[in-house]
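See below for the structure under consideration.
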Amino acid sequence: MQILVYAQETQSYVEALQEVAPHAKIFGAATLTEAEPHLEDTEVLFAWGVPPAVLARMPRLRWVQWLGAGVDLIVGQTPDDITLTRVVGAFSTVMSEHVFAYLLALRRGIFEMRQLQREHVWRRVIGPSLRGQRLGVAGLGSIGSEVARLGRAFGMEVWGLSRTDRGGEICDRHFLPTEMRDFAAGVDALVLVLPATPETDGIVDAEVLAGMREGSILVNVGRGNAIVERDLIAALRRGRPAMAQLDVFEREPLPEESPLWDLPNCYISAHCSGPSEPRLVCTFAAENLRRYLQGEPMVGIVDRERGY
Ligand code: OXD
């Protein structure tokens, strides 16, 4: 059996997979040129950032393990007879820590304190506690559920929104995507952990933003398609939401001319809340390979219709 790992850093993947499949031929490639000689005979592809068109040139391909959580770049390009799996669970801890690092920093005034230090100003900054505030988590998969769990640990009331009521049991109140407006209007911190699908396209638009609470914070660690960026820019200028932390954008890298860079109430990170790197993904990938080899059900099989 031949396996190809296509990623920026392949060594750790190759080692972890070789342990599970000692007899397999496993190749690593960081570019298309490096991958080229292996396309024809590869049965299993572990990939992050591979040009999707390449799949059509892999006649023996049976399974693609995408080395990330969101498969929007590849799902439409993967032939139906090829199993597509995504990473589930590996990013929950780091992404929810990212969310709460910002929620705490923004609520407690950490960025302001840092600025005062730069100016040698001794002034007390006293921000509100998260305890008692209401957290809204849109997307209740493994990452959203962990955000919800941490929210509870901080004493927040937790509202959740998802496509079905799956995951709703971890929330004090559950909403469907059609109820986005009421959901967003009722929370102090709105955290988006949504996949990119036609259903989530522009789900946070001018109307939703206009209804957000005074002082509210919007965080997006899912996909940039969920927010109509033009509407968000106008909304942040008006101060509602009061602040936004954006890790994902309509276009990435965020174009240099985007007004988001310079809005004082917008906090930008470069799509790094849950980095697809071997440290986080290797164990998951190796376990799924073990399952594949033993004919056991794999984890993270993508439902083509849902798109994730
Ligand atoms: C992912 C991502 O989908 O990093 O894993 O965005």
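Ligands are numbered from 1 in the order shown, chains are lettered A, B, ... in the order of the structure tokens, and residues start at 1 in each chain.
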Which chains and residue numbers are within 10 Å of ligand 1, counting only C-alpha atoms and all ligand atoms, if I want them as a count of residues only?
31
Looking only at strand (DSSP E) from DSSP on the backbone, list the matching residues of range 100-248 of chain A as a ChimeraX atom specification.
/A:134-138,157-161,173-175,189-192,217-220,243-246
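Excluding Ile268 in chain A itself and same-chain residues fewer than 4 positions from it, the residues having an atom within 8 Å of it are A:Gln245, A:Leu246, A:Asp247, A:Trp261, counting only C-alpha atoms.
Counting only C-alpha atoms, Ile227 in chain A has the following residues at most 10 Å away, ignoring those fewer than 5 positions along the same chain: A:Leu192, A:Thr200, A:Asp201, A:Gly202, A:Ile203, A:Val204, A:Asp205, A:Ala206, A:Val208, A:Leu209, A:Asn220, A:Leu232, A:Val248, A:Phe249, A:Glu250.
Counting only C-alpha atoms and comparing A:Ala53, A:Val187, A:Cys282, A:Val125, the residue that lies closest to Ile217 in chain A is A:Val187.
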Leaving out range 26-43 of chain A and any residue of its chain fewer than 2 positions from it, which residues lie within 7 Å of it when counting only C-alpha atoms, given as a PyMOL selection string?
chain A and resi 1-10+14+24+45+57-63
Contact residues around Ser142 in chain A with only C-alpha atoms at 6 Å, ignoring same-chain residues under 2 positions, as number ranges by chain:
A: 89, 144-145
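The residue that comes closest to Pro264 in chain A, out of A:Cys171, A:Ala210, A:Ile233, A:Ala189 and on the basis of only C-alpha atoms, is A:Ile233.
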From the DSSP assignment of the backbone, select every residue of range 8-129 of chain A that is alpha helix (DSSP H), and format the answer as a ChimeraX atom specification.
/A:11-20,32-35,92-108,110-118
The selected residues should be written to file as a compact mmCIF listing (two decimals), in the first residue's frame (atoms: C-alpha atoms).
# COMPACT_ATOMS: atom_id res chain seq x y z
CA GLN A 11 8.48 14.14 8.70
CA SER A 12 6.49 13.68 11.92
CA TYR A 13 3.45 12.45 10.00
CA VAL A 14 5.49 9.95 8.03
CA GLU A 15 7.06 8.60 11.24
CA ALA A 16 3.74 8.32 13.09
CA LEU A 17 2.00 6.64 10.15
CA GLN A 18 4.89 4.26 9.52
CA GLU A 19 4.54 2.98 13.07
CA VAL A 20 0.93 2.02 12.38
CA LEU A 32 3.33 19.48 -6.21
CA THR A 33 6.68 18.77 -7.84
CA GLU A 34 7.65 16.55 -4.91
CA ALA A 35 4.26 14.82 -4.98
CA SER A 92 -10.77 21.85 20.55
CA THR A 93 -8.35 22.71 23.34
CA VAL A 94 -6.16 25.21 21.53
CA MET A 95 -9.05 26.92 19.78
CA SER A 96 -11.13 27.31 22.90
CA GLU A 97 -8.06 28.62 24.73
CA HIS A 98 -7.63 31.15 21.91
CA VAL A 99 -11.26 32.23 22.30
CA PHE A 100 -10.99 32.65 26.06
CA ALA A 101 -7.56 34.29 25.90
CA TYR A 102 -9.26 37.06 23.92
CA LEU A 103 -12.53 37.13 25.85
CA LEU A 104 -10.64 37.50 29.12
CA ALA A 105 -8.14 40.00 27.73
CA LEU A 106 -10.87 42.14 26.20
CA ARG A 107 -13.18 42.03 29.21
CA ARG A 108 -10.46 42.59 31.80
CA ILE A 110 -5.39 43.65 29.32
CA PHE A 111 -4.65 45.46 26.03
CA GLU A 112 -5.38 48.79 27.72
CA MET A 113 -3.11 47.92 30.65
CA ARG A 114 -0.31 47.11 28.25
CA GLN A 115 -0.77 50.44 26.49
CA LEU A 116 -0.68 52.30 29.83
CA GLN A 117 2.53 50.49 30.70
CA ARG A 118 4.07 51.64 27.40
